[in-house]
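A.B. asks: Dropping in work_13.tsv, with TSV, C-alpha atoms.
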chain	number	residue	atom	x	y	z
N	1	MET	CA	-46.86	46.96	26.76
N	2	ILE	CA	-43.60	46.43	24.87
N	3	ARG	CA	-42.22	49.25	22.76
N	4	ASP	CA	-40.32	48.34	19.58
N	5	ALA	CA	-37.10	50.15	18.69
N	6	GLU	CA	-34.76	49.96	15.73
N	7	ILE	CA	-31.60	50.73	17.68
N	8	LEU	CA	-31.56	50.99	21.47
N	9	VAL	CA	-28.52	52.65	23.08
N	10	VAL	CA	-28.03	52.04	26.80
N	11	GLY	CA	-26.03	54.92	28.25
N	12	GLY	CA	-25.95	58.55	27.17
N	13	GLY	CA	-22.27	59.25	27.77
N	14	PRO	CA	-19.61	60.05	25.13
N	15	ALA	CA	-19.83	56.63	23.45
N	16	GLY	CA	-23.62	56.45	23.59
N	17	LEU	CA	-24.21	59.92	22.19
N	18	CYS	CA	-21.77	59.36	19.33
N	19	ALA	CA	-23.31	55.95	18.57
N	20	ALA	CA	-26.76	57.52	18.38
N	21	GLN	CA	-25.48	60.36	16.21
N	22	ALA	CA	-23.74	58.03	13.74
N	23	ALA	CA	-26.70	55.64	13.42
N	24	ALA	CA	-29.17	58.53	13.02
N	25	GLU	CA	-27.06	60.06	10.25
N	26	MET	CA	-27.60	56.82	8.31
N	27	GLY	CA	-31.36	57.12	8.73
N	28	ALA	CA	-31.83	54.66	11.60
N	29	LYS	CA	-34.29	55.41	14.39
N	30	VAL	CA	-32.44	55.50	17.71
N	31	LEU	CA	-33.66	55.48	21.31
N	32	VAL	CA	-31.14	56.40	24.02
N	33	LEU	CA	-31.76	55.44	27.65
N	34	GLU	CA	-29.78	57.45	30.23
N	35	ARG	CA	-30.06	56.92	33.98
N	36	ASP	CA	-28.95	60.45	34.98
N	37	TYR	CA	-31.11	63.54	34.76
N	38	ALA	CA	-29.14	64.72	31.72
N	39	PRO	CA	-27.01	62.90	29.12
N	40	GLY	CA	-23.31	63.55	28.66
N	41	GLY	CA	-21.74	61.10	31.11
N	42	GLN	CA	-18.25	62.10	32.18
N	43	LEU	CA	-18.19	64.97	29.69
N	44	VAL	CA	-20.51	67.13	31.81
N	45	LYS	CA	-17.92	67.32	34.60
N	46	GLN	CA	-14.77	67.70	32.49
N	47	THR	CA	-13.56	71.30	32.42
N	48	HIS	CA	-10.10	70.55	31.00
N	49	LYS	CA	-9.26	70.85	27.30
N	50	PHE	CA	-8.93	67.76	25.12
N	51	PHE	CA	-5.74	66.80	23.28
N	52	GLY	CA	-5.32	65.31	19.80
N	53	SER	CA	-6.57	66.51	16.44
N	54	GLU	CA	-9.33	68.94	15.55
N	55	LYS	CA	-11.49	65.95	14.61
N	56	GLN	CA	-11.13	64.72	18.20
N	57	HIS	CA	-12.21	68.13	19.57
N	58	ALA	CA	-8.69	69.23	20.52
N	59	GLY	CA	-8.73	72.50	22.45
N	60	GLU	CA	-12.36	72.11	23.54
N	61	ARG	CA	-13.38	71.47	27.11
N	62	GLY	CA	-15.23	68.26	27.88
N	63	PHE	CA	-18.50	69.87	28.95
N	64	GLN	CA	-18.51	71.98	25.77
N	65	ILE	CA	-18.09	68.85	23.65
N	66	GLY	CA	-21.00	67.25	25.49
N	67	GLU	CA	-23.19	70.30	24.94
N	68	ASP	CA	-22.36	70.42	21.22
N	69	LEU	CA	-23.06	66.70	20.77
N	70	LEU	CA	-26.36	66.99	22.58
N	71	LYS	CA	-27.49	69.96	20.47
N	72	GLU	CA	-26.74	68.06	17.26
N	73	ILE	CA	-28.56	64.96	18.45
N	74	GLN	CA	-31.60	66.85	19.75
N	75	ALA	CA	-31.90	68.48	16.32
N	76	SER	CA	-32.16	65.06	14.67
N	77	PRO	CA	-35.67	63.68	14.08
N	78	ASN	CA	-34.22	60.16	14.29
N	79	VAL	CA	-33.06	60.27	17.92
N	80	GLU	CA	-35.09	60.17	21.13
N	81	ILE	CA	-33.41	60.46	24.53
N	82	MET	CA	-35.10	59.24	27.70
N	83	SER	CA	-33.23	60.52	30.76
N	84	GLU	CA	-33.68	59.37	34.36
N	85	THR	CA	-34.28	55.90	32.95
N	86	THR	CA	-32.34	53.04	34.52
N	87	VAL	CA	-32.03	49.86	32.47
N	88	LEU	CA	-32.68	46.81	34.63
N	89	GLY	CA	-31.95	43.89	32.35
N	90	CYS	CA	-31.79	42.20	28.96
N	91	TYR	CA	-33.66	38.93	28.63
N	92	GLU	CA	-33.65	35.82	26.46
N	93	ASP	CA	-36.61	36.97	24.36
N	94	GLY	CA	-34.73	40.15	23.41
N	95	VAL	CA	-36.72	42.40	25.73
N	96	VAL	CA	-34.86	45.14	27.59
N	97	THR	CA	-36.51	46.43	30.76
N	98	ALA	CA	-36.04	49.79	32.46
N	99	LEU	CA	-37.35	51.88	35.33
N	100	ARG	CA	-38.38	55.50	34.85
N	101	GLY	CA	-39.86	57.10	37.92
N	102	ASP	CA	-42.42	54.56	39.14
N	103	LYS	CA	-42.99	53.09	35.67
N	104	HIS	CA	-41.58	49.75	34.55
N	105	LEU	CA	-40.83	49.96	30.82
N	106	LYS	CA	-40.15	47.25	28.24
N	107	PHE	CA	-38.39	47.61	24.88
N	108	ARG	CA	-37.77	45.18	22.04
N	109	PRO	CA	-34.87	46.55	19.95
N	110	GLN	CA	-33.71	45.20	16.63
N	111	ARG	CA	-30.17	46.20	17.58
N	112	LEU	CA	-28.74	46.97	21.02
N	113	ILE	CA	-25.66	49.12	21.71
N	114	ILE	CA	-24.30	48.89	25.27
N	115	THR	CA	-22.36	52.00	26.33
N	116	THR	CA	-22.70	51.77	30.11
N	117	GLY	CA	-19.23	53.14	30.88
N	118	ALA	CA	-17.30	52.36	34.05
N	119	ALA	CA	-17.35	52.63	37.84
N	120	GLU	CA	-14.65	53.91	40.16
N	121	LYS	CA	-12.46	51.47	42.03
N	122	PHE	CA	-11.98	51.79	45.78
N	123	LEU	CA	-9.25	50.97	48.30
N	124	ALA	CA	-9.47	49.07	51.57
N	125	PHE	CA	-7.92	50.78	54.60
N	126	PRO	CA	-9.09	51.63	58.13
N	127	GLY	CA	-11.48	54.58	58.03
N	128	ASN	CA	-12.35	54.36	54.34
N	129	ASP	CA	-16.05	54.57	55.22
N	130	LEU	CA	-15.79	57.94	56.96
N	131	PRO	CA	-17.54	60.99	55.50
N	132	GLY	CA	-14.92	62.86	53.49
N	133	VAL	CA	-13.58	59.84	51.61
N	134	TYR	CA	-14.57	60.43	47.97
N	135	GLY	CA	-14.04	58.94	44.58
N	136	ALA	CA	-12.49	61.39	42.11
N	137	GLY	CA	-15.62	61.34	39.95
N	138	ALA	CA	-17.75	62.36	42.92
N	139	VAL	CA	-15.42	65.27	43.63
N	140	GLN	CA	-15.66	66.39	39.99
N	141	THR	CA	-19.45	66.20	40.17
N	142	LEU	CA	-19.56	68.28	43.34
N	143	MET	CA	-17.20	70.94	41.96
N	144	ASN	CA	-17.97	71.15	38.26
N	145	VAL	CA	-21.66	70.24	38.15
N	146	ALA	CA	-23.10	71.24	41.54
N	147	GLY	CA	-20.65	74.09	42.22
N	148	ILE	CA	-19.86	72.82	45.71
N	149	LYS	CA	-16.43	73.07	47.30
N	150	PRO	CA	-15.88	69.52	48.63
N	151	ALA	CA	-13.22	70.26	51.25
N	152	GLU	CA	-10.53	72.66	52.44
N	153	ARG	CA	-7.49	70.37	52.24
N	154	VAL	CA	-7.44	67.14	50.22
N	155	LEU	CA	-5.07	64.18	50.04
N	156	MET	CA	-5.23	62.74	46.51
N	157	VAL	CA	-4.58	59.02	46.08
N	158	GLY	CA	-3.51	58.10	42.54
N	159	SER	CA	-1.41	59.94	39.94
N	160	GLY	CA	-3.11	58.78	36.77
N	161	ASN	CA	-4.68	61.37	34.48
N	162	ILE	CA	-7.83	61.54	36.59
N	163	GLY	CA	-5.89	62.10	39.81
N	164	LEU	CA	-3.72	64.79	38.24
N	165	ILE	CA	-6.58	66.57	36.47
N	166	VAL	CA	-8.90	66.57	39.51
N	167	SER	CA	-6.05	67.79	41.73
N	168	TYR	CA	-5.52	70.76	39.43
N	169	GLN	CA	-9.27	71.46	39.31
N	170	LEU	CA	-9.42	71.34	43.12
N	171	LYS	CA	-6.54	73.84	43.24
N	172	GLN	CA	-8.45	76.12	40.85
N	173	ALA	CA	-11.50	75.87	43.14
N	174	GLY	CA	-9.47	77.10	46.10
N	175	VAL	CA	-8.89	73.72	47.73
N	176	GLU	CA	-5.42	73.01	49.09
N	177	ILE	CA	-3.84	69.74	47.96
N	178	ALA	CA	-1.76	68.26	50.77
N	179	ALA	CA	-0.08	65.80	48.38
N	180	ILE	CA	-0.69	63.23	45.69
N	181	VAL	CA	0.35	59.73	46.76
N	182	GLU	CA	0.98	57.01	44.18
N	183	ALA	CA	1.64	53.34	44.98
N	184	ALA	CA	3.54	52.74	41.74
N	185	PRO	CA	7.18	53.82	41.39
N	186	ARG	CA	6.26	56.23	38.56
N	187	ILE	CA	3.59	58.82	37.85
N	188	GLY	CA	0.83	57.21	35.81
N	189	GLY	CA	-0.62	60.21	33.97
N	190	TYR	CA	0.51	62.36	31.06
N	191	LEU	CA	3.61	64.48	31.60
N	192	VAL	CA	1.73	67.65	30.65
N	193	HIS	CA	-0.69	67.14	33.56
N	194	ALA	CA	2.08	66.19	36.00
N	195	SER	CA	4.09	69.28	35.01
N	196	LYS	CA	1.14	71.56	35.81
N	197	ILE	CA	0.85	69.91	39.22
N	198	ARG	CA	4.57	70.38	39.90
N	199	ARG	CA	4.41	74.04	38.88
N	200	ALA	CA	1.49	74.51	41.27
N	201	GLY	CA	3.74	73.33	44.10
N	202	ILE	CA	1.82	70.13	44.82
N	203	PRO	CA	4.09	67.27	45.94
N	204	ILE	CA	3.72	63.91	44.17
N	205	LEU	CA	4.96	61.02	46.30
N	206	THR	CA	5.55	57.83	44.30
N	207	GLY	CA	5.87	54.54	46.15
N	208	TRP	CA	3.47	55.71	48.89
N	209	THR	CA	-0.05	54.76	49.95
N	210	VAL	CA	-2.69	55.50	52.59
N	211	LYS	CA	-2.26	53.35	55.70
N	212	GLU	CA	-5.29	54.67	57.58
N	213	VAL	CA	-7.67	57.61	57.83
N	214	LEU	CA	-7.91	59.52	61.10
N	215	GLY	CA	-11.13	60.82	62.60
N	216	ALA	CA	-14.18	59.68	64.57
N	217	GLU	CA	-17.14	61.24	62.76
N	218	GLN	CA	-15.39	62.49	59.60
N	219	VAL	CA	-11.95	62.69	58.00
N	220	GLU	CA	-9.54	64.64	60.19
N	221	GLY	CA	-6.28	63.45	58.67
N	222	ALA	CA	-4.48	60.45	57.24
N	223	VAL	CA	-1.42	58.32	57.84
N	224	ILE	CA	0.60	57.49	54.73
N	225	CYS	CA	3.53	55.14	54.38
N	226	GLN	CA	6.06	53.96	51.84
N	227	LEU	CA	5.80	50.71	49.86
N	228	ASP	CA	8.53	48.29	48.88
N	229	GLU	CA	9.03	46.78	45.41
N	230	LYS	CA	6.34	44.19	46.22
N	231	PHE	CA	3.87	46.94	47.21
N	232	GLN	CA	4.07	45.95	50.89
N	233	GLN	CA	3.98	48.68	53.53
N	234	ILE	CA	7.38	49.51	55.06
N	235	PRO	CA	7.17	49.81	58.86
N	236	GLY	CA	8.65	52.99	60.29
N	237	THR	CA	7.94	55.14	57.23
N	238	GLU	CA	4.57	56.42	58.45
N	239	LYS	CA	3.77	60.13	58.14
N	240	ARG	CA	0.71	62.04	59.28
N	241	VAL	CA	-1.00	64.27	56.72
N	242	GLU	CA	-3.45	66.96	57.81
N	243	CYS	CA	-6.54	66.97	55.59
N	244	ASP	CA	-10.32	66.95	55.78
N	245	ALA	CA	-10.92	64.79	52.70
N	246	ILE	CA	-9.37	61.85	50.86
N	247	CYS	CA	-9.91	61.65	47.10
N	248	LEU	CA	-9.41	58.23	45.49
N	249	ALA	CA	-8.35	58.18	41.86
N	250	VAL	CA	-7.22	54.57	41.70
N	251	GLY	CA	-8.73	53.47	38.43
N	252	LEU	CA	-11.99	52.43	36.83
N	253	THR	CA	-13.62	49.09	36.12
N	254	PRO	CA	-15.98	48.46	33.17
N	255	LEU	CA	-19.70	48.33	34.01
N	256	THR	CA	-20.51	45.08	32.23
N	257	GLU	CA	-23.53	43.69	34.12
N	258	LEU	CA	-25.80	44.07	31.09
N	259	CYS	CA	-23.26	42.27	28.88
N	260	TRP	CA	-23.14	39.37	31.32
N	261	GLN	CA	-26.92	39.16	31.49
N	262	ALA	CA	-27.28	39.33	27.72
N	263	GLY	CA	-25.02	36.28	27.42
N	264	CYS	CA	-22.13	37.99	25.67
N	265	GLU	CA	-18.85	36.11	25.93
N	266	MET	CA	-16.66	37.84	28.50
N	267	LYS	CA	-12.90	37.79	29.02
N	268	PHE	CA	-10.78	39.03	31.88
N	269	VAL	CA	-8.06	41.20	30.35
N	270	ARG	CA	-5.93	43.11	32.84
N	271	GLU	CA	-4.85	45.69	30.26
N	272	LEU	CA	-8.51	46.51	29.62
N	273	SER	CA	-9.14	46.89	33.38
N	274	GLY	CA	-11.25	43.82	34.05
N	275	HIS	CA	-13.88	41.60	32.47
N	276	VAL	CA	-14.95	42.96	29.08
N	277	PRO	CA	-17.17	41.63	26.26
N	278	VAL	CA	-15.41	40.00	23.33
N	279	VAL	CA	-16.07	42.20	20.28
N	280	ASP	CA	-15.05	42.15	16.62
N	281	ASP	CA	-13.77	45.05	14.50
N	282	LYS	CA	-17.34	46.34	14.18
N	283	LEU	CA	-17.67	46.25	17.98
N	284	GLU	CA	-20.31	43.53	17.74
N	285	THR	CA	-20.27	41.10	20.65
N	286	THR	CA	-20.64	37.34	20.38
N	287	ARG	CA	-24.38	37.95	20.60
N	288	PRO	CA	-25.26	38.98	17.04
N	289	GLY	CA	-27.05	42.31	17.07
N	290	ILE	CA	-25.56	43.44	20.37
N	291	TYR	CA	-22.72	45.97	20.18
N	292	ALA	CA	-20.56	47.48	22.93
N	293	ALA	CA	-18.50	50.68	22.90
N	294	GLY	CA	-16.62	52.97	25.25
N	295	ASP	CA	-15.28	52.11	28.69
N	296	VAL	CA	-17.46	49.00	28.89
N	297	THR	CA	-15.02	47.41	26.40
N	298	GLY	CA	-11.88	48.66	28.19
N	299	ILE	CA	-10.88	51.84	30.00
N	300	GLU	CA	-9.60	54.63	27.73
N	301	GLU	CA	-9.90	58.37	27.26
N	302	ALA	CA	-13.21	60.00	26.29
N	303	SER	CA	-11.87	60.65	22.77
N	304	SER	CA	-11.54	56.91	22.16
N	305	ALA	CA	-14.97	56.26	23.64
N	306	MET	CA	-16.54	58.73	21.22
N	307	VAL	CA	-14.85	57.13	18.22
N	308	GLU	CA	-15.88	53.67	19.38
N	309	GLY	CA	-19.43	54.95	19.69
N	310	ARG	CA	-19.32	56.04	16.07
N	311	ILE	CA	-18.05	52.62	14.99
N	312	ALA	CA	-20.85	50.85	16.85
N	313	GLY	CA	-23.49	53.25	15.54
N	314	TYR	CA	-22.42	52.91	11.92
N	315	SER	CA	-22.13	49.12	12.29
N	316	ALA	CA	-25.61	48.76	13.77
N	317	ALA	CA	-27.15	50.95	11.05
N	318	GLU	CA	-25.30	49.04	8.32
N	319	SER	CA	-26.56	45.71	9.65
N	320	LEU	CA	-30.13	47.02	9.34
N	321	GLY	CA	-29.54	48.03	5.72
N	322	ARG	CA	-29.61	51.74	6.54
N	323	SER	CA	-27.39	53.49	3.96
N	324	PRO	CA	-25.01	50.49	4.01
N	325	GLU	CA	-22.34	52.00	1.75
N	326	ALA	CA	-22.23	55.29	3.66
N	327	ALA	CA	-22.33	53.46	6.98
N	328	ALA	CA	-19.44	51.18	5.97
N	329	LYS	CA	-17.42	54.21	4.86
N	330	GLY	CA	-18.14	56.04	8.11
N	331	ARG	CA	-17.18	52.99	10.14
N	332	GLU	CA	-13.90	52.58	8.24
N	333	GLU	CA	-13.02	56.24	8.77
N	334	ALA	CA	-13.79	55.92	12.48
N	335	GLN	CA	-11.67	52.77	12.70
N	336	ALA	CA	-8.77	54.70	11.14
N	337	ASP	CA	-9.29	57.49	13.68
N	338	LEU	CA	-9.21	54.96	16.51
N	339	ARG	CA	-5.98	53.42	15.23
N	340	GLN	CA	-4.44	56.89	15.13
N	341	LEU	CA	-5.54	57.62	18.70
N	342	ARG	CA	-3.94	54.37	19.85
N	343	ALA	CA	-0.77	54.76	17.77
N	344	GLY	CA	1.32	56.56	20.40
N	345	PRO	CA	2.98	55.16	23.51
N	346	THR	CA	-0.17	55.76	25.59
N	347	GLY	CA	-2.02	53.31	23.37
N	348	GLY	CA	0.35	50.47	24.10
N	349	LYS	CA	-1.63	49.11	27.02
N	350	ILE	CA	-5.00	49.06	25.26
N	351	ASN	CA	-3.48	47.58	22.09
N	352	ALA	CA	-1.86	44.83	24.12
N	353	GLY	CA	-5.19	44.07	25.75
N	354	ILE	CA	-7.00	43.89	22.42
N	355	GLU	CA	-4.35	41.54	21.01
N	356	LYS	CA	-4.59	39.34	24.08
N	357	MET	CA	-8.36	39.09	23.69
N	358	LYS	CA	-8.06	38.21	19.99
N	359	GLN	CA	-5.43	35.54	20.63
N	360	GLU	CA	-7.61	33.85	23.22
N	361	GLY	CA	-10.45	33.68	20.70
N	362	GLY	CA	-14.13	33.51	21.47
N	363	THR	CA	-17.23	31.35	21.30
N	364	VAL	CA	-20.34	32.47	19.43
N	365	HIS	CA	-23.43	32.10	21.60
N	366	VAL	CA	-27.04	31.45	20.65
N	367	ASN	CA	-28.61	34.34	18.76
N	368	LEU	CA	-30.65	36.41	21.20
N	369	TYR	CA	-32.78	38.33	18.75
N	370	GLY	CA	-33.51	35.70	16.12
N	371	TYR	CA	-31.41	37.15	13.29
N	372	SER	CA	-27.98	36.13	12.09
N	373	HIS	CA	-24.93	37.62	10.38
How does the structure come out when it is put into structure tokens?
C.D. replies:
Amino acid sequence: MIRDAEILVVGGGPAGLCAAQAAAEMGAKVLVLERDYAPGGQLVKQTHKFFGSEKQHAGERGFQIGEDLLKEIQASPNVEIMSETTVLGCYEDGVVTALRGDKHLKFRPQRLIITTGAAEKFLAFPGNDLPGVYGAGAVQTLMNVAGIKPAERVLMVGSGNIGLIVSYQLKQAGVEIAAIVEAAPRIGGYLVHASKIRRAGIPILTGWTVKEVLGAEQVEGAVICQLDEKFQQIPGTEKRVECDAICLAVGLTPLTELCWQAGCEMKFVRELSGHVPVVDDKLETTRPGIYAAGDVTGIEEASSAMVEGRIAGYSAAESLGRSPEAAAKGREEAQADLRQLRAGPTGGKINAGIEKMKQEGGTVHVNLYGYSH
């Protein structure tokens, strides 16, 4: 049996929840499929306060934003959320399949919004498969969701915002941070986060990396070494670091498998952190009726993902004729918010990536759902 849906949102993270909220406000019926036991995505594990304007939830902690969003959506008669539902594929006849428990489900949406987020990158070094080598997201989940102390002494790899924030959260949880090592010559995260780390007495070593992990059955330490200007290890600079866990915060890559399968045109854009779907200003892909928002279109902060979700939600509702004037106005306001978020120096990378994608152009593929612009 195939279930029809007006708008199907794949992924219940920041972008997905905001897309559902925006589309529902316009009167569209929205179904959200979320693979985890509860929606919220990265927000559920973020205990730090957001920056920016009041509109972008400045001063609120990530998990609080997620809770507020969820309450608003659950109060809407136009939104249904199916958790613990893993989407398996999107096919040529427009059917989206999913697995929930032992049931294989099929959906035929009029519009599809892909907000599948991103996955953590990893590093190759001897011992990286030992118990005690974590991704930063896993550490956040253990601490902030499950309430489990992941280790006693951690070596953090990566000084981007995630590495800095998780290091500070580990410190708050009573975990000692041996050091933060960063391969680049400069700290990658915001100065405000780096300053907190410095004040906490945690050393940040730029131009360093992990050479190998020590231990037979689990992490018992690590050897780090310096890198030259070509990011090659410098012999003779090795140092042993005592730790019982390694935390890798070395970046994210967009989760685009569904975009590939749906036949969306994809481009590799380094500034956007990998292969991403080509989208227009409404966040519609080259497959008419399929939209993408959040980290799946390029790695940014959660604030940007939420605004992109709103753009996609308003655009999908508008294309269905649901309160078109109000939807267009909402989309334009969200687009202005997104430009403001990307206006500062931290937006330079993402703006460069977007320009690069536009300059390379795109090819419109065959219409998947049988409707056109």
A.B. asks: Would you mind listing what lies within 9 Å of Leu8 in chain N as an MDAnalysis selection string, with all atoms listed in the file counted and same-chain residues fewer than 3 positions away left out?
C.D. replies: chainID N and resid 5 20 29:33 107:114
A.B. asks: Can those selected residues be exported to a file as a JSON list (two decimals), in the coordinates of the input so that it contains C-alpha atoms?
C.D. replies:
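Produced file part_32.json, reproduced below:
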[["chain", "number", "residue", "atom", "x", "y", "z"],
["N", 5, "ALA", "CA", -37.10, 50.15, 18.69],
["N", 20, "ALA", "CA", -26.76, 57.52, 18.38],
["N", 29, "LYS", "CA", -34.29, 55.41, 14.39],
["N", 30, "VAL", "CA", -32.44, 55.50, 17.71],
["N", 31, "LEU", "CA", -33.66, 55.48, 21.31],
["N", 32, "VAL", "CA", -31.14, 56.40, 24.02],
["N", 33, "LEU", "CA", -31.76, 55.44, 27.65],
["N", 107, "PHE", "CA", -38.39, 47.61, 24.88],
["N", 108, "ARG", "CA", -37.77, 45.18, 22.04],
["N", 109, "PRO", "CA", -34.87, 46.55, 19.95],
["N", 110, "GLN", "CA", -33.71, 45.20, 16.63],
["N", 111, "ARG", "CA", -30.17, 46.20, 17.58],
["N", 112, "LEU", "CA", -28.74, 46.97, 21.02],
["N", 113, "ILE", "CA", -25.66, 49.12, 21.71],
["N", 114, "ILE", "CA", -24.30, 48.89, 25.27]]
A.B. asks: Find, counting only C-alpha atoms, the residue in N:Val210, N:Met143, N:Ile165, N:Ala352 that gets nearest to Val192 in chain N.
C.D. replies: N:Ile165
A.B. asks: Need the shell around range 308-313 of chain N: protein/DNA/RNA residues with any atom at most 9 Å away, counting all atoms listed in the file. Skip same-chain ones fewer than 6 positions apart. Format as number ranges by chain?
C.D. replies: N: 7, 14-24, 113, 115, 281-284, 291-294, 327, 330-335, 338
A.B. asks: Which residue out of N:Ala184, N:Gly66, N:Pro126, N:Leu43 has the minimum interatomic distance to Gln232 in chain N when only C-alpha atoms are used?
C.D. replies: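 Of all the options, N:Ala184 lies closest to Gln232 in chain N.
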A.B. asks: Could you pull the residues within 9 Å of Thr237 in chain N, counting all atoms listed in the file, minus those fewer than 2 positions along the same chain, as a PyMOL selection string?
C.D. replies: chain N and resi 224-227+233-235+239
A.B. asks: Could you list, as a list in words, every residue within 9 Å of Leu252 in chain N, counting all atoms listed in the file and ignoring same-chain residues fewer than 3 positions away?
C.D. replies: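 My list of contacting residues is Ala118, Ala119, Glu120, Lys121, Phe122, Ala249, Ser273, Asp295 and Ile299 of chain N.
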A.B. asks: For CA of Arg339 in chain N and CA of Ser303 in chain N, determine how far apart the two atoms are, in Å to one decimal place.
C.D. replies: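 Pair CA of Arg339 in chain N / CA of Ser303 in chain N returns 12.0 Å.
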A.B. asks: For Asp244 in chain N, list every protein, DNA or RNA residue within 8 Å, evaluated using only C-alpha atoms, and leave out those in the same chain fewer than 3 positions away; present the list as a tab-separated table (two decimals) with C-alpha atoms, keeping the file's coordinate frame.
C.D. replies:
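The file below, around-v2.tsv, is the result:
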chain	number	residue	atom	x	y	z
N	132	GLY	CA	-14.92	62.86	53.49
N	151	ALA	CA	-13.22	70.26	51.25
N	152	GLU	CA	-10.53	72.66	52.44
N	153	ARG	CA	-7.49	70.37	52.24
N	154	VAL	CA	-7.44	67.14	50.22
N	218	GLN	CA	-15.39	62.49	59.60
N	219	VAL	CA	-11.95	62.69	58.00
N	220	GLU	CA	-9.54	64.64	60.19
N	221	GLY	CA	-6.28	63.45	58.67
A.B. asks: Just the number, please: distance in Å from CA of Ala317 in chain N to CA of Thr256 in chain N, one decimal.
C.D. replies: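 Answer for the CA of Ala317 in chain N to CA of Thr256 in chain N separation: 23.0 Å.
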A.B. asks: Let me make sure I understand: among N:Lys71, N:His275, N:His193, N:Lys329, which one has the smallest atom-to-atom distance to Gln169 in chain N if we use all atoms listed in the file?
C.D. replies: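 Among N:Lys71, N:His275, N:His193, N:Lys329, it is N:His193 that comes nearest to Gln169 in chain N.
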